[in-house]
$ cat coords_30.txt   # compact mmCIF, N, CA, C and O atoms
# COMPACT_ATOMS: atom_id res chain seq x y z
N MET A 1 -11.02 -8.32 9.93
CA MET A 1 -11.67 -7.27 10.68
C MET A 1 -13.02 -7.05 10.03
O MET A 1 -13.11 -6.58 8.91
N ARG A 2 -14.05 -7.37 10.73
CA ARG A 2 -15.39 -7.32 10.16
C ARG A 2 -15.95 -5.91 10.03
O ARG A 2 -16.67 -5.62 9.11
N THR A 3 -15.63 -5.02 10.96
CA THR A 3 -16.13 -3.65 10.89
C THR A 3 -15.17 -2.84 10.03
O THR A 3 -14.06 -2.58 10.43
N THR A 4 -15.63 -2.45 8.83
CA THR A 4 -14.69 -1.81 7.91
C THR A 4 -15.15 -0.46 7.36
O THR A 4 -14.45 0.10 6.55
N TYR A 5 -16.29 0.04 7.76
CA TYR A 5 -16.69 1.34 7.22
C TYR A 5 -15.78 2.44 7.81
O TYR A 5 -15.28 2.32 8.92
N ARG A 6 -15.52 3.47 7.04
CA ARG A 6 -14.48 4.43 7.36
C ARG A 6 -14.67 5.19 8.66
O ARG A 6 -13.72 5.66 9.26
N ASP A 7 -15.90 5.33 9.13
CA ASP A 7 -16.14 6.06 10.37
C ASP A 7 -16.33 5.14 11.56
O ASP A 7 -16.71 5.59 12.64
N ALA A 8 -16.04 3.85 11.39
CA ALA A 8 -16.14 2.91 12.51
C ALA A 8 -15.19 3.34 13.62
O ALA A 8 -14.07 3.79 13.36
N SER A 9 -15.64 3.25 14.86
CA SER A 9 -14.78 3.60 15.99
C SER A 9 -13.77 2.48 16.22
O SER A 9 -14.15 1.31 16.31
N VAL A 10 -12.52 2.85 16.30
CA VAL A 10 -11.45 1.87 16.50
C VAL A 10 -10.47 2.36 17.55
O VAL A 10 -10.41 3.55 17.88
N ARG A 11 -9.69 1.43 18.04
CA ARG A 11 -8.55 1.72 18.89
C ARG A 11 -7.32 1.28 18.11
O ARG A 11 -7.25 0.14 17.66
N LEU A 12 -6.38 2.17 17.93
CA LEU A 12 -5.10 1.85 17.32
C LEU A 12 -4.10 1.74 18.46
O LEU A 12 -3.96 2.66 19.26
N TYR A 13 -3.45 0.59 18.54
CA TYR A 13 -2.47 0.43 19.61
C TYR A 13 -1.21 -0.26 19.12
O TYR A 13 -1.21 -0.95 18.11
N PHE A 14 -0.13 -0.03 19.87
CA PHE A 14 1.17 -0.63 19.61
C PHE A 14 1.41 -1.68 20.66
O PHE A 14 1.32 -1.40 21.86
N LEU A 15 1.71 -2.89 20.24
CA LEU A 15 1.99 -3.98 21.15
C LEU A 15 3.50 -4.15 21.22
O LEU A 15 4.13 -4.61 20.26
N ASP A 16 4.08 -3.76 22.33
CA ASP A 16 5.52 -3.84 22.53
C ASP A 16 5.86 -5.21 23.09
O ASP A 16 5.64 -5.48 24.26
N GLU A 17 6.38 -6.08 22.24
CA GLU A 17 6.69 -7.44 22.67
C GLU A 17 8.07 -7.54 23.29
O GLU A 17 8.46 -8.61 23.74
N THR A 18 8.84 -6.44 23.31
CA THR A 18 10.17 -6.48 23.93
C THR A 18 10.08 -6.34 25.44
O THR A 18 10.99 -6.76 26.15
N THR A 19 8.99 -5.78 25.94
CA THR A 19 8.77 -5.66 27.37
C THR A 19 8.32 -7.00 27.91
O THR A 19 7.51 -7.68 27.28
N GLU A 20 8.81 -7.38 29.08
CA GLU A 20 8.42 -8.66 29.66
C GLU A 20 6.90 -8.73 29.81
O GLU A 20 6.28 -7.85 30.38
N GLY A 21 6.32 -9.76 29.23
CA GLY A 21 4.88 -9.93 29.26
C GLY A 21 4.15 -9.12 28.21
O GLY A 21 2.96 -9.24 28.05
N GLY A 22 4.87 -8.26 27.49
CA GLY A 22 4.24 -7.43 26.47
C GLY A 22 3.53 -6.25 27.09
O GLY A 22 3.13 -6.29 28.25
N ALA A 23 3.40 -5.19 26.34
CA ALA A 23 2.71 -4.00 26.82
C ALA A 23 2.01 -3.34 25.64
O ALA A 23 2.60 -3.15 24.58
N ALA A 24 0.74 -3.01 25.81
CA ALA A 24 -0.03 -2.35 24.77
C ALA A 24 -0.13 -0.86 25.08
O ALA A 24 -0.52 -0.48 26.18
N GLU A 25 0.25 -0.04 24.11
CA GLU A 25 0.15 1.41 24.26
C GLU A 25 -0.85 1.94 23.25
O GLU A 25 -0.66 1.80 22.03
N THR A 26 -1.92 2.52 23.72
CA THR A 26 -2.94 3.09 22.84
C THR A 26 -2.41 4.36 22.20
O THR A 26 -1.93 5.26 22.89
N LEU A 27 -2.48 4.42 20.89
CA LEU A 27 -2.04 5.60 20.15
C LEU A 27 -3.19 6.48 19.74
O LEU A 27 -3.03 7.69 19.56
N PHE A 28 -4.39 5.88 19.57
CA PHE A 28 -5.51 6.64 19.03
C PHE A 28 -6.82 5.90 19.28
O PHE A 28 -6.88 4.68 19.17
N TYR A 29 -7.85 6.65 19.61
CA TYR A 29 -9.24 6.19 19.61
C TYR A 29 -9.99 7.10 18.65
O TYR A 29 -9.88 8.33 18.75
N GLY A 30 -10.74 6.54 17.73
CA GLY A 30 -11.52 7.37 16.83
C GLY A 30 -11.89 6.64 15.56
O GLY A 30 -11.88 5.42 15.50
N PRO A 31 -12.20 7.40 14.50
CA PRO A 31 -12.64 6.81 13.23
C PRO A 31 -11.54 5.99 12.55
O PRO A 31 -10.36 6.35 12.60
N LEU A 32 -11.95 4.91 11.91
CA LEU A 32 -11.03 4.02 11.21
C LEU A 32 -10.16 4.76 10.21
O LEU A 32 -8.94 4.54 10.16
N ASN A 33 -10.74 5.65 9.43
CA ASN A 33 -9.95 6.34 8.41
C ASN A 33 -8.82 7.17 9.02
O ASN A 33 -7.71 7.21 8.49
N GLU A 34 -9.05 7.80 10.16
CA GLU A 34 -8.01 8.59 10.82
C GLU A 34 -6.96 7.67 11.44
O GLU A 34 -5.76 7.97 11.40
N ALA A 35 -7.39 6.55 11.99
CA ALA A 35 -6.45 5.58 12.57
C ALA A 35 -5.52 5.03 11.50
O ALA A 35 -4.31 4.88 11.72
N MET A 36 -6.07 4.78 10.31
CA MET A 36 -5.25 4.25 9.23
C MET A 36 -4.23 5.29 8.75
O MET A 36 -3.09 4.95 8.43
N GLN A 37 -4.62 6.54 8.71
CA GLN A 37 -3.69 7.60 8.32
C GLN A 37 -2.55 7.70 9.33
O GLN A 37 -1.37 7.81 8.95
N LEU A 38 -2.88 7.65 10.60
CA LEU A 38 -1.87 7.72 11.65
C LEU A 38 -0.94 6.51 11.60
O LEU A 38 0.28 6.66 11.71
N ALA A 39 -1.49 5.34 11.41
CA ALA A 39 -0.68 4.12 11.34
C ALA A 39 0.30 4.19 10.18
O ALA A 39 1.47 3.81 10.32
N ALA A 40 -0.15 4.68 9.05
CA ALA A 40 0.70 4.75 7.86
C ALA A 40 1.87 5.71 8.04
O ALA A 40 2.90 5.58 7.37
N GLN A 41 1.74 6.65 8.96
CA GLN A 41 2.80 7.64 9.21
C GLN A 41 3.88 7.13 10.15
O GLN A 41 4.92 7.77 10.29
N GLN A 42 3.66 5.99 10.78
CA GLN A 42 4.61 5.46 11.76
C GLN A 42 5.81 4.81 11.07
O GLN A 42 5.72 4.36 9.93
N ALA A 43 6.91 4.74 11.78
CA ALA A 43 8.11 4.08 11.28
C ALA A 43 7.83 2.60 11.07
O ALA A 43 6.93 2.03 11.70
N GLU A 44 8.61 1.97 10.18
CA GLU A 44 8.40 0.56 9.84
C GLU A 44 8.42 -0.35 11.06
O GLU A 44 7.60 -1.26 11.18
N ASP A 45 9.36 -0.13 11.98
CA ASP A 45 9.44 -1.00 13.15
C ASP A 45 8.23 -0.83 14.06
O ASP A 45 7.79 -1.79 14.70
N ILE A 46 7.66 0.34 14.10
CA ILE A 46 6.43 0.56 14.88
C ILE A 46 5.25 -0.08 14.17
O ILE A 46 4.41 -0.74 14.80
N GLN A 47 5.16 0.07 12.85
CA GLN A 47 4.05 -0.51 12.09
C GLN A 47 3.95 -2.02 12.31
O GLN A 47 2.86 -2.58 12.33
N ALA A 48 5.09 -2.67 12.51
CA ALA A 48 5.09 -4.12 12.71
C ALA A 48 4.36 -4.52 14.00
O ALA A 48 3.89 -5.65 14.11
N GLY A 49 4.23 -3.60 14.94
CA GLY A 49 3.56 -3.91 16.20
C GLY A 49 2.22 -3.23 16.37
O GLY A 49 1.66 -3.22 17.46
N LEU A 50 1.66 -2.66 15.29
CA LEU A 50 0.39 -1.95 15.37
C LEU A 50 -0.80 -2.89 15.17
O LEU A 50 -0.75 -3.80 14.33
N TYR A 51 -1.87 -2.61 15.91
CA TYR A 51 -3.11 -3.37 15.81
C TYR A 51 -4.28 -2.41 15.83
O TYR A 51 -4.23 -1.37 16.49
N LEU A 52 -5.32 -2.77 15.11
CA LEU A 52 -6.58 -2.03 15.11
C LEU A 52 -7.64 -2.90 15.76
O LEU A 52 -7.79 -4.07 15.40
N GLN A 53 -8.37 -2.33 16.70
CA GLN A 53 -9.41 -3.05 17.42
C GLN A 53 -10.75 -2.35 17.21
O GLN A 53 -10.85 -1.14 17.41
N THR A 54 -11.75 -3.12 16.78
CA THR A 54 -13.12 -2.60 16.67
C THR A 54 -13.93 -3.21 17.79
O THR A 54 -13.39 -3.92 18.65
N ASP A 55 -15.22 -2.99 17.77
CA ASP A 55 -16.07 -3.58 18.82
C ASP A 55 -16.20 -5.09 18.66
O ASP A 55 -16.65 -5.77 19.58
N ASN A 56 -15.77 -5.66 17.52
CA ASN A 56 -15.94 -7.09 17.33
C ASN A 56 -14.73 -7.81 16.76
O ASN A 56 -14.83 -8.97 16.38
N ASP A 57 -13.58 -7.14 16.68
CA ASP A 57 -12.43 -7.80 16.07
C ASP A 57 -11.14 -7.04 16.35
O ASP A 57 -11.17 -5.88 16.75
N VAL A 58 -10.02 -7.72 16.14
CA VAL A 58 -8.69 -7.12 16.21
C VAL A 58 -7.92 -7.62 15.00
O VAL A 58 -7.99 -8.80 14.66
N VAL A 59 -7.18 -6.72 14.36
CA VAL A 59 -6.37 -7.12 13.21
C VAL A 59 -5.03 -6.40 13.27
O VAL A 59 -4.96 -5.23 13.66
N ALA A 60 -3.99 -7.12 12.92
CA ALA A 60 -2.66 -6.50 12.83
C ALA A 60 -2.64 -5.53 11.65
O ALA A 60 -3.19 -5.83 10.59
N TRP A 61 -2.02 -4.40 11.82
CA TRP A 61 -1.94 -3.38 10.78
C TRP A 61 -1.36 -3.95 9.50
O TRP A 61 -1.90 -3.74 8.42
N LEU A 62 -0.25 -4.68 9.58
CA LEU A 62 0.38 -5.20 8.38
C LEU A 62 -0.50 -6.24 7.68
O LEU A 62 -0.47 -6.34 6.45
N ASP A 63 -1.29 -6.99 8.43
CA ASP A 63 -2.24 -7.92 7.81
C ASP A 63 -3.32 -7.15 7.05
O ASP A 63 -3.72 -7.52 5.96
N LEU A 64 -3.79 -6.07 7.65
CA LEU A 64 -4.85 -5.27 7.05
C LEU A 64 -4.41 -4.67 5.72
O LEU A 64 -5.17 -4.67 4.75
N ILE A 65 -3.18 -4.21 5.66
CA ILE A 65 -2.71 -3.60 4.42
C ILE A 65 -2.02 -4.59 3.49
O ILE A 65 -1.54 -4.23 2.42
N GLY A 66 -1.99 -5.85 3.91
CA GLY A 66 -1.47 -6.92 3.04
C GLY A 66 0.04 -6.98 2.94
O GLY A 66 0.56 -7.39 1.92
N GLU A 67 0.74 -6.60 4.00
CA GLU A 67 2.20 -6.62 3.95
C GLU A 67 2.82 -7.59 4.94
O GLU A 67 3.97 -7.42 5.33
N SER A 68 2.09 -8.58 5.36
CA SER A 68 2.71 -9.53 6.30
C SER A 68 2.95 -10.85 5.62
O SER A 68 2.53 -11.12 4.55

$ encode --input "coords_30.txt" --output "structure tokens"
Amino acid sequence: MRTTYRDASVRLYFLDETTEGGAAETLFYGPLNEAMQLAAQQAEDIQAGLYLQTDNDVVAWLDLIGES
């Protein structure tokens, strides 16, 4: 994820791969630091499907925090 400053605008979303074709549910739009706080509060099974999207990249939450 190239955009990493704490106030970068991001979209935090959950990608539900159990639904046929997959479904993305947006949980938050706003600053990166707030998105990371919200992501960290989610249950483990939800964290496995979380992604952060900036204007130029997408990264899996677990990859970002080094747990994949």

$ closest_residue --input "coords_30.txt" --among "A:Thr54, A:Glu44, A:Trp61, A:Gln37" --to "Ala8 (chain A)" --atoms "all atoms listed in the file"
A:Thr54

$ atom_distance --input "coords_30.txt" --atom1 "CA of Val10 (chain A)" --atom2 "CA of Asp63 (chain A)"
16.0 Å

$ closest_residue --input "coords_30.txt" --among "A:Ala43, A:Val59, A:Leu27, A:Ile65" --to "Tyr13 (chain A)" --atoms "all atoms listed in the file"
A:Leu27

$ axis_aligned_box --input "coords_30.txt" --around "region 51-60 of chain A" --padding-each-side "4 Å" --output "JSON"
{"center_x": -9.3, "center_y": -5.1, "center_z": 15.1, "size_x": 22.8, "size_y": 15.8, "size_z": 17.0}

$ select_by_dssp --input "coords_30.txt" --residues "chain A" --states "alpha helix (DSSP H)" --output "JSON, numbers by chain"
{"A": [32, 33, 34, 35, 36, 37, 38, 39, 40, 44, 45, 46, 47, 61, 62, 63, 64]}

$ write_last_selection --input "coords_30.txt" --atoms "N, CA, C and O atoms" --output "short mmCIF file (atom, residue, chain, number, x, y, z; two decimals), in the coordinates of the input"
data_model
loop_
_atom_site.label_atom_id
_atom_site.label_comp_id
_atom_site.auth_asym_id
_atom_site.auth_seq_id
_atom_site.Cartn_x
_atom_site.Cartn_y
_atom_site.Cartn_z
N LEU A 32 -11.95 4.91 11.91
CA LEU A 32 -11.03 4.02 11.21
C LEU A 32 -10.16 4.76 10.21
O LEU A 32 -8.94 4.54 10.16
N ASN A 33 -10.74 5.65 9.43
CA ASN A 33 -9.95 6.34 8.41
C ASN A 33 -8.82 7.17 9.02
O ASN A 33 -7.71 7.21 8.49
N GLU A 34 -9.05 7.80 10.16
CA GLU A 34 -8.01 8.59 10.82
C GLU A 34 -6.96 7.67 11.44
O GLU A 34 -5.76 7.97 11.40
N ALA A 35 -7.39 6.55 11.99
CA ALA A 35 -6.45 5.58 12.57
C ALA A 35 -5.52 5.03 11.50
O ALA A 35 -4.31 4.88 11.72
N MET A 36 -6.07 4.78 10.31
CA MET A 36 -5.25 4.25 9.23
C MET A 36 -4.23 5.29 8.75
O MET A 36 -3.09 4.95 8.43
N GLN A 37 -4.62 6.54 8.71
CA GLN A 37 -3.69 7.60 8.32
C GLN A 37 -2.55 7.70 9.33
O GLN A 37 -1.37 7.81 8.95
N LEU A 38 -2.88 7.65 10.60
CA LEU A 38 -1.87 7.72 11.65
C LEU A 38 -0.94 6.51 11.60
O LEU A 38 0.28 6.66 11.71
N ALA A 39 -1.49 5.34 11.41
CA ALA A 39 -0.68 4.12 11.34
C ALA A 39 0.30 4.19 10.18
O ALA A 39 1.47 3.81 10.32
N ALA A 40 -0.15 4.68 9.05
CA ALA A 40 0.70 4.75 7.86
C ALA A 40 1.87 5.71 8.04
O ALA A 40 2.90 5.58 7.37
N GLU A 44 8.61 1.97 10.18
CA GLU A 44 8.40 0.56 9.84
C GLU A 44 8.42 -0.35 11.06
O GLU A 44 7.60 -1.26 11.18
N ASP A 45 9.36 -0.13 11.98
CA ASP A 45 9.44 -1.00 13.15
C ASP A 45 8.23 -0.83 14.06
O ASP A 45 7.79 -1.79 14.70
N ILE A 46 7.66 0.34 14.10
CA ILE A 46 6.43 0.56 14.88
C ILE A 46 5.25 -0.08 14.17
O ILE A 46 4.41 -0.74 14.80
N GLN A 47 5.16 0.07 12.85
CA GLN A 47 4.05 -0.51 12.09
C GLN A 47 3.95 -2.02 12.31
O GLN A 47 2.86 -2.58 12.33
N TRP A 61 -2.02 -4.40 11.82
CA TRP A 61 -1.94 -3.38 10.78
C TRP A 61 -1.36 -3.95 9.50
O TRP A 61 -1.90 -3.74 8.42
N LEU A 62 -0.25 -4.68 9.58
CA LEU A 62 0.38 -5.20 8.38
C LEU A 62 -0.50 -6.24 7.68
O LEU A 62 -0.47 -6.34 6.45
N ASP A 63 -1.29 -6.99 8.43
CA ASP A 63 -2.24 -7.92 7.81
C ASP A 63 -3.32 -7.15 7.05
O ASP A 63 -3.72 -7.52 5.96
N LEU A 64 -3.79 -6.07 7.65
CA LEU A 64 -4.85 -5.27 7.05
C LEU A 64 -4.41 -4.67 5.72
O LEU A 64 -5.17 -4.67 4.75
#

$ atom_distance --input "coords_30.txt" --atom1 "atom C of Asp57 (chain A)" --atom2 "atom O of Arg11 (chain A)"
8.3 Å

$ atom_distance --input "coords_30.txt" --atom1 "CA of Pro31 (chain A)" --atom2 "CA of Glu17 (chain A)"
25.8 Å

$ residues_near_point --input "coords_30.txt" --point "(-1.8, 0.7, 13.8)" --cutoff "6 Å" --atoms "all atoms listed in the file" --output "JSON, numbers by chain"
{"A": [12, 13, 35, 39, 47, 50, 51, 52, 61]}

$ residues_around --input "coords_30.txt" --residues "Gly49 (chain A)" --least-positions-apart "3" --cutoff "7 Å" --atoms "only C-alpha atoms" --output "ChimeraX atom specification"
/A:14-16,46

$ closest_residue --input "coords_30.txt" --among "A:Glu34, A:Ala40, A:Tyr29, A:Gly66" --to "Gln53 (chain A)" --atoms "all atoms listed in the file"
A:Tyr29

$ select_by_dssp --input "coords_30.txt" --residues "chain A" --states "strand (DSSP E)" --output "list in words"
Ser9, Val10, Arg11, Leu12, Tyr13, Phe14, Leu15, Asp16, Ala23, Ala24, Glu25, Thr26, Leu27, Phe28, Tyr29, Gly30, Pro31, Leu50, Tyr51, Leu52, Gln53, Val58, Val59 and Ala60 of chain A

$ write_last_selection --input "coords_30.txt" --atoms "N, CA, C and O atoms" --output "mmCIF file, keeping the file's coordinate frame"
data_model
loop_
_atom_site.group_PDB
_atom_site.id
_atom_site.type_symbol
_atom_site.label_atom_id
_atom_site.label_comp_id
_atom_site.auth_asym_id
_atom_site.auth_seq_id
_atom_site.Cartn_x
_atom_site.Cartn_y
_atom_site.Cartn_z
ATOM 1 N N SER A 9 -15.640 3.250 14.860
ATOM 2 C CA SER A 9 -14.780 3.600 15.990
ATOM 3 C C SER A 9 -13.770 2.480 16.220
ATOM 4 O O SER A 9 -14.150 1.310 16.310
ATOM 5 N N VAL A 10 -12.520 2.850 16.300
ATOM 6 C CA VAL A 10 -11.450 1.870 16.500
ATOM 7 C C VAL A 10 -10.470 2.360 17.550
ATOM 8 O O VAL A 10 -10.410 3.550 17.880
ATOM 9 N N ARG A 11 -9.690 1.430 18.040
ATOM 10 C CA ARG A 11 -8.550 1.720 18.890
ATOM 11 C C ARG A 11 -7.320 1.280 18.110
ATOM 12 O O ARG A 11 -7.250 0.140 17.660
ATOM 13 N N LEU A 12 -6.380 2.170 17.930
ATOM 14 C CA LEU A 12 -5.100 1.850 17.320
ATOM 15 C C LEU A 12 -4.100 1.740 18.460
ATOM 16 O O LEU A 12 -3.960 2.660 19.260
ATOM 17 N N TYR A 13 -3.450 0.590 18.540
ATOM 18 C CA TYR A 13 -2.470 0.430 19.610
ATOM 19 C C TYR A 13 -1.210 -0.260 19.120
ATOM 20 O O TYR A 13 -1.210 -0.950 18.110
ATOM 21 N N PHE A 14 -0.130 -0.030 19.870
ATOM 22 C CA PHE A 14 1.170 -0.630 19.610
ATOM 23 C C PHE A 14 1.410 -1.680 20.660
ATOM 24 O O PHE A 14 1.320 -1.400 21.860
ATOM 25 N N LEU A 15 1.710 -2.890 20.240
ATOM 26 C CA LEU A 15 1.990 -3.980 21.150
ATOM 27 C C LEU A 15 3.500 -4.150 21.220
ATOM 28 O O LEU A 15 4.130 -4.610 20.260
ATOM 29 N N ASP A 16 4.080 -3.760 22.330
ATOM 30 C CA ASP A 16 5.520 -3.840 22.530
ATOM 31 C C ASP A 16 5.860 -5.210 23.090
ATOM 32 O O ASP A 16 5.640 -5.480 24.260
ATOM 33 N N ALA A 23 3.400 -5.190 26.340
ATOM 34 C CA ALA A 23 2.710 -4.000 26.820
ATOM 35 C C ALA A 23 2.010 -3.340 25.640
ATOM 36 O O ALA A 23 2.600 -3.150 24.580
ATOM 37 N N ALA A 24 0.740 -3.010 25.810
ATOM 38 C CA ALA A 24 -0.030 -2.350 24.770
ATOM 39 C C ALA A 24 -0.130 -0.860 25.080
ATOM 40 O O ALA A 24 -0.520 -0.480 26.180
ATOM 41 N N GLU A 25 0.250 -0.040 24.110
ATOM 42 C CA GLU A 25 0.150 1.410 24.260
ATOM 43 C C GLU A 25 -0.850 1.940 23.250
ATOM 44 O O GLU A 25 -0.660 1.800 22.030
ATOM 45 N N THR A 26 -1.920 2.520 23.720
ATOM 46 C CA THR A 26 -2.940 3.090 22.840
ATOM 47 C C THR A 26 -2.410 4.360 22.200
ATOM 48 O O THR A 26 -1.930 5.260 22.890
ATOM 49 N N LEU A 27 -2.480 4.420 20.890
ATOM 50 C CA LEU A 27 -2.040 5.600 20.150
ATOM 51 C C LEU A 27 -3.190 6.480 19.740
ATOM 52 O O LEU A 27 -3.030 7.690 19.560
ATOM 53 N N PHE A 28 -4.390 5.880 19.570
ATOM 54 C CA PHE A 28 -5.510 6.640 19.030
ATOM 55 C C PHE A 28 -6.820 5.900 19.280
ATOM 56 O O PHE A 28 -6.880 4.680 19.170
ATOM 57 N N TYR A 29 -7.850 6.650 19.610
ATOM 58 C CA TYR A 29 -9.240 6.190 19.610
ATOM 59 C C TYR A 29 -9.990 7.100 18.650
ATOM 60 O O TYR A 29 -9.880 8.330 18.750
ATOM 61 N N GLY A 30 -10.740 6.540 17.730
ATOM 62 C CA GLY A 30 -11.520 7.370 16.830
ATOM 63 C C GLY A 30 -11.890 6.640 15.560
ATOM 64 O O GLY A 30 -11.880 5.420 15.500
ATOM 65 N N PRO A 31 -12.200 7.400 14.500
ATOM 66 C CA PRO A 31 -12.640 6.810 13.230
ATOM 67 C C PRO A 31 -11.540 5.990 12.550
ATOM 68 O O PRO A 31 -10.360 6.350 12.600
ATOM 69 N N LEU A 50 1.660 -2.660 15.290
ATOM 70 C CA LEU A 50 0.390 -1.950 15.370
ATOM 71 C C LEU A 50 -0.800 -2.890 15.170
ATOM 72 O O LEU A 50 -0.750 -3.800 14.330
ATOM 73 N N TYR A 51 -1.870 -2.610 15.910
ATOM 74 C CA TYR A 51 -3.110 -3.370 15.810
ATOM 75 C C TYR A 51 -4.280 -2.410 15.830
ATOM 76 O O TYR A 51 -4.230 -1.370 16.490
ATOM 77 N N LEU A 52 -5.320 -2.770 15.110
ATOM 78 C CA LEU A 52 -6.580 -2.030 15.110
ATOM 79 C C LEU A 52 -7.640 -2.900 15.760
ATOM 80 O O LEU A 52 -7.790 -4.070 15.400
ATOM 81 N N GLN A 53 -8.370 -2.330 16.700
ATOM 82 C CA GLN A 53 -9.410 -3.050 17.420
ATOM 83 C C GLN A 53 -10.750 -2.350 17.210
ATOM 84 O O GLN A 53 -10.850 -1.140 17.410
ATOM 85 N N VAL A 58 -10.020 -7.720 16.140
ATOM 86 C CA VAL A 58 -8.690 -7.120 16.210
ATOM 87 C C VAL A 58 -7.920 -7.620 15.000
ATOM 88 O O VAL A 58 -7.990 -8.800 14.660
ATOM 89 N N VAL A 59 -7.180 -6.720 14.360
ATOM 90 C CA VAL A 59 -6.370 -7.120 13.210
ATOM 91 C C VAL A 59 -5.030 -6.400 13.270
ATOM 92 O O VAL A 59 -4.960 -5.230 13.660
ATOM 93 N N ALA A 60 -3.990 -7.120 12.920
ATOM 94 C CA ALA A 60 -2.660 -6.500 12.830
ATOM 95 C C ALA A 60 -2.640 -5.530 11.650
ATOM 96 O O ALA A 60 -3.190 -5.830 10.590
#

$ closest_residue --input "coords_30.txt" --among "A:Tyr5, A:Leu62, A:Glu67, A:Glu20" --to "Asn33 (chain A)" --atoms "all atoms listed in the file"
A:Tyr5

$ decode --input "coords_30.txt" --residues "region 43-58 of chain A" --atoms "N, CA, C and O atoms" --output "PDB file, in the first residue's frame"
ATOM      1  N   ALA A  43     -13.640  -8.963  14.972  1.00  0.00           N
ATOM      2  CA  ALA A  43     -13.362 -10.359  15.318  1.00  0.00           C
ATOM      3  C   ALA A  43     -12.365 -10.941  14.320  1.00  0.00           C
ATOM      4  O   ALA A  43     -12.251 -10.458  13.188  1.00  0.00           O
ATOM      5  N   GLU A  44     -11.649 -11.988  14.748  1.00  0.00           N
ATOM      6  CA  GLU A  44     -10.612 -12.598  13.912  1.00  0.00           C
ATOM      7  C   GLU A  44     -11.132 -13.043  12.556  1.00  0.00           C
ATOM      8  O   GLU A  44     -10.475 -12.842  11.538  1.00  0.00           O
ATOM      9  N   ASP A  45     -12.313 -13.655  12.520  1.00  0.00           N
ATOM     10  CA  ASP A  45     -12.845 -14.134  11.246  1.00  0.00           C
ATOM     11  C   ASP A  45     -13.187 -12.976  10.312  1.00  0.00           C
ATOM     12  O   ASP A  45     -13.061 -13.101   9.095  1.00  0.00           O
ATOM     13  N   ILE A  46     -13.585 -11.862  10.855  1.00  0.00           N
ATOM     14  CA  ILE A  46     -13.858 -10.673  10.036  1.00  0.00           C
ATOM     15  C   ILE A  46     -12.543 -10.065   9.558  1.00  0.00           C
ATOM     16  O   ILE A  46     -12.407  -9.689   8.392  1.00  0.00           O
ATOM     17  N   GLN A  47     -11.543  -9.983  10.437  1.00  0.00           N
ATOM     18  CA  GLN A  47     -10.250  -9.415  10.059  1.00  0.00           C
ATOM     19  C   GLN A  47      -9.645 -10.140   8.859  1.00  0.00           C
ATOM     20  O   GLN A  47      -8.983  -9.527   8.028  1.00  0.00           O
ATOM     21  N   ALA A  48      -9.898 -11.433   8.748  1.00  0.00           N
ATOM     22  CA  ALA A  48      -9.351 -12.211   7.633  1.00  0.00           C
ATOM     23  C   ALA A  48      -9.900 -11.751   6.288  1.00  0.00           C
ATOM     24  O   ALA A  48      -9.262 -11.958   5.255  1.00  0.00           O
ATOM     25  N   GLY A  49     -11.045 -11.090   6.280  1.00  0.00           N
ATOM     26  CA  GLY A  49     -11.643 -10.625   5.034  1.00  0.00           C
ATOM     27  C   GLY A  49     -11.610  -9.119   4.854  1.00  0.00           C
ATOM     28  O   GLY A  49     -12.271  -8.584   3.967  1.00  0.00           O
ATOM     29  N   LEU A  50     -10.832  -8.404   5.680  1.00  0.00           N
ATOM     30  CA  LEU A  50     -10.771  -6.947   5.598  1.00  0.00           C
ATOM     31  C   LEU A  50      -9.716  -6.477   4.608  1.00  0.00           C
ATOM     32  O   LEU A  50      -8.630  -7.058   4.516  1.00  0.00           O
ATOM     33  N   TYR A  51     -10.042  -5.389   3.904  1.00  0.00           N
ATOM     34  CA  TYR A  51      -9.128  -4.766   2.947  1.00  0.00           C
ATOM     35  C   TYR A  51      -9.180  -3.263   3.126  1.00  0.00           C
ATOM     36  O   TYR A  51     -10.231  -2.704   3.448  1.00  0.00           O
ATOM     37  N   LEU A  52      -8.051  -2.627   2.901  1.00  0.00           N
ATOM     38  CA  LEU A  52      -7.954  -1.166   2.897  1.00  0.00           C
ATOM     39  C   LEU A  52      -7.641  -0.720   1.477  1.00  0.00           C
ATOM     40  O   LEU A  52      -6.731  -1.248   0.843  1.00  0.00           O
ATOM     41  N   GLN A  53      -8.398   0.250   1.003  1.00  0.00           N
ATOM     42  CA  GLN A  53      -8.222   0.769  -0.349  1.00  0.00           C
ATOM     43  C   GLN A  53      -7.911   2.259  -0.282  1.00  0.00           C
ATOM     44  O   GLN A  53      -8.621   3.014   0.378  1.00  0.00           O
ATOM     45  N   THR A  54      -6.821   2.654  -0.942  1.00  0.00           N
ATOM     46  CA  THR A  54      -6.484   4.080  -1.073  1.00  0.00           C
ATOM     47  C   THR A  54      -6.768   4.487  -2.506  1.00  0.00           C
ATOM     48  O   THR A  54      -7.296   3.698  -3.292  1.00  0.00           O
ATOM     49  N   ASP A  55      -6.384   5.683  -2.861  1.00  0.00           N
ATOM     50  CA  ASP A  55      -6.600   6.133  -4.246  1.00  0.00           C
ATOM     51  C   ASP A  55      -5.693   5.410  -5.227  1.00  0.00           C
ATOM     52  O   ASP A  55      -5.914   5.467  -6.433  1.00  0.00           O
ATOM     53  N   ASN A  56      -4.672   4.683  -4.743  1.00  0.00           N
ATOM     54  CA  ASN A  56      -3.756   4.034  -5.677  1.00  0.00           C
ATOM     55  C   ASN A  56      -3.401   2.597  -5.320  1.00  0.00           C
ATOM     56  O   ASN A  56      -2.495   2.027  -5.922  1.00  0.00           O
ATOM     57  N   ASP A  57      -4.087   1.997  -4.357  1.00  0.00           N
ATOM     58  CA  ASP A  57      -3.713   0.638  -3.966  1.00  0.00           C
ATOM     59  C   ASP A  57      -4.785  -0.009  -3.109  1.00  0.00           C
ATOM     60  O   ASP A  57      -5.662   0.668  -2.572  1.00  0.00           O
ATOM     61  N   VAL A  58      -4.694  -1.329  -2.993  1.00  0.00           N
ATOM     62  CA  VAL A  58      -5.538  -2.111  -2.095  1.00  0.00           C
ATOM     63  C   VAL A  58      -4.628  -3.095  -1.380  1.00  0.00           C
ATOM     64  O   VAL A  58      -3.750  -3.694  -2.003  1.00  0.00           O
TER      65      VAL A  58
END
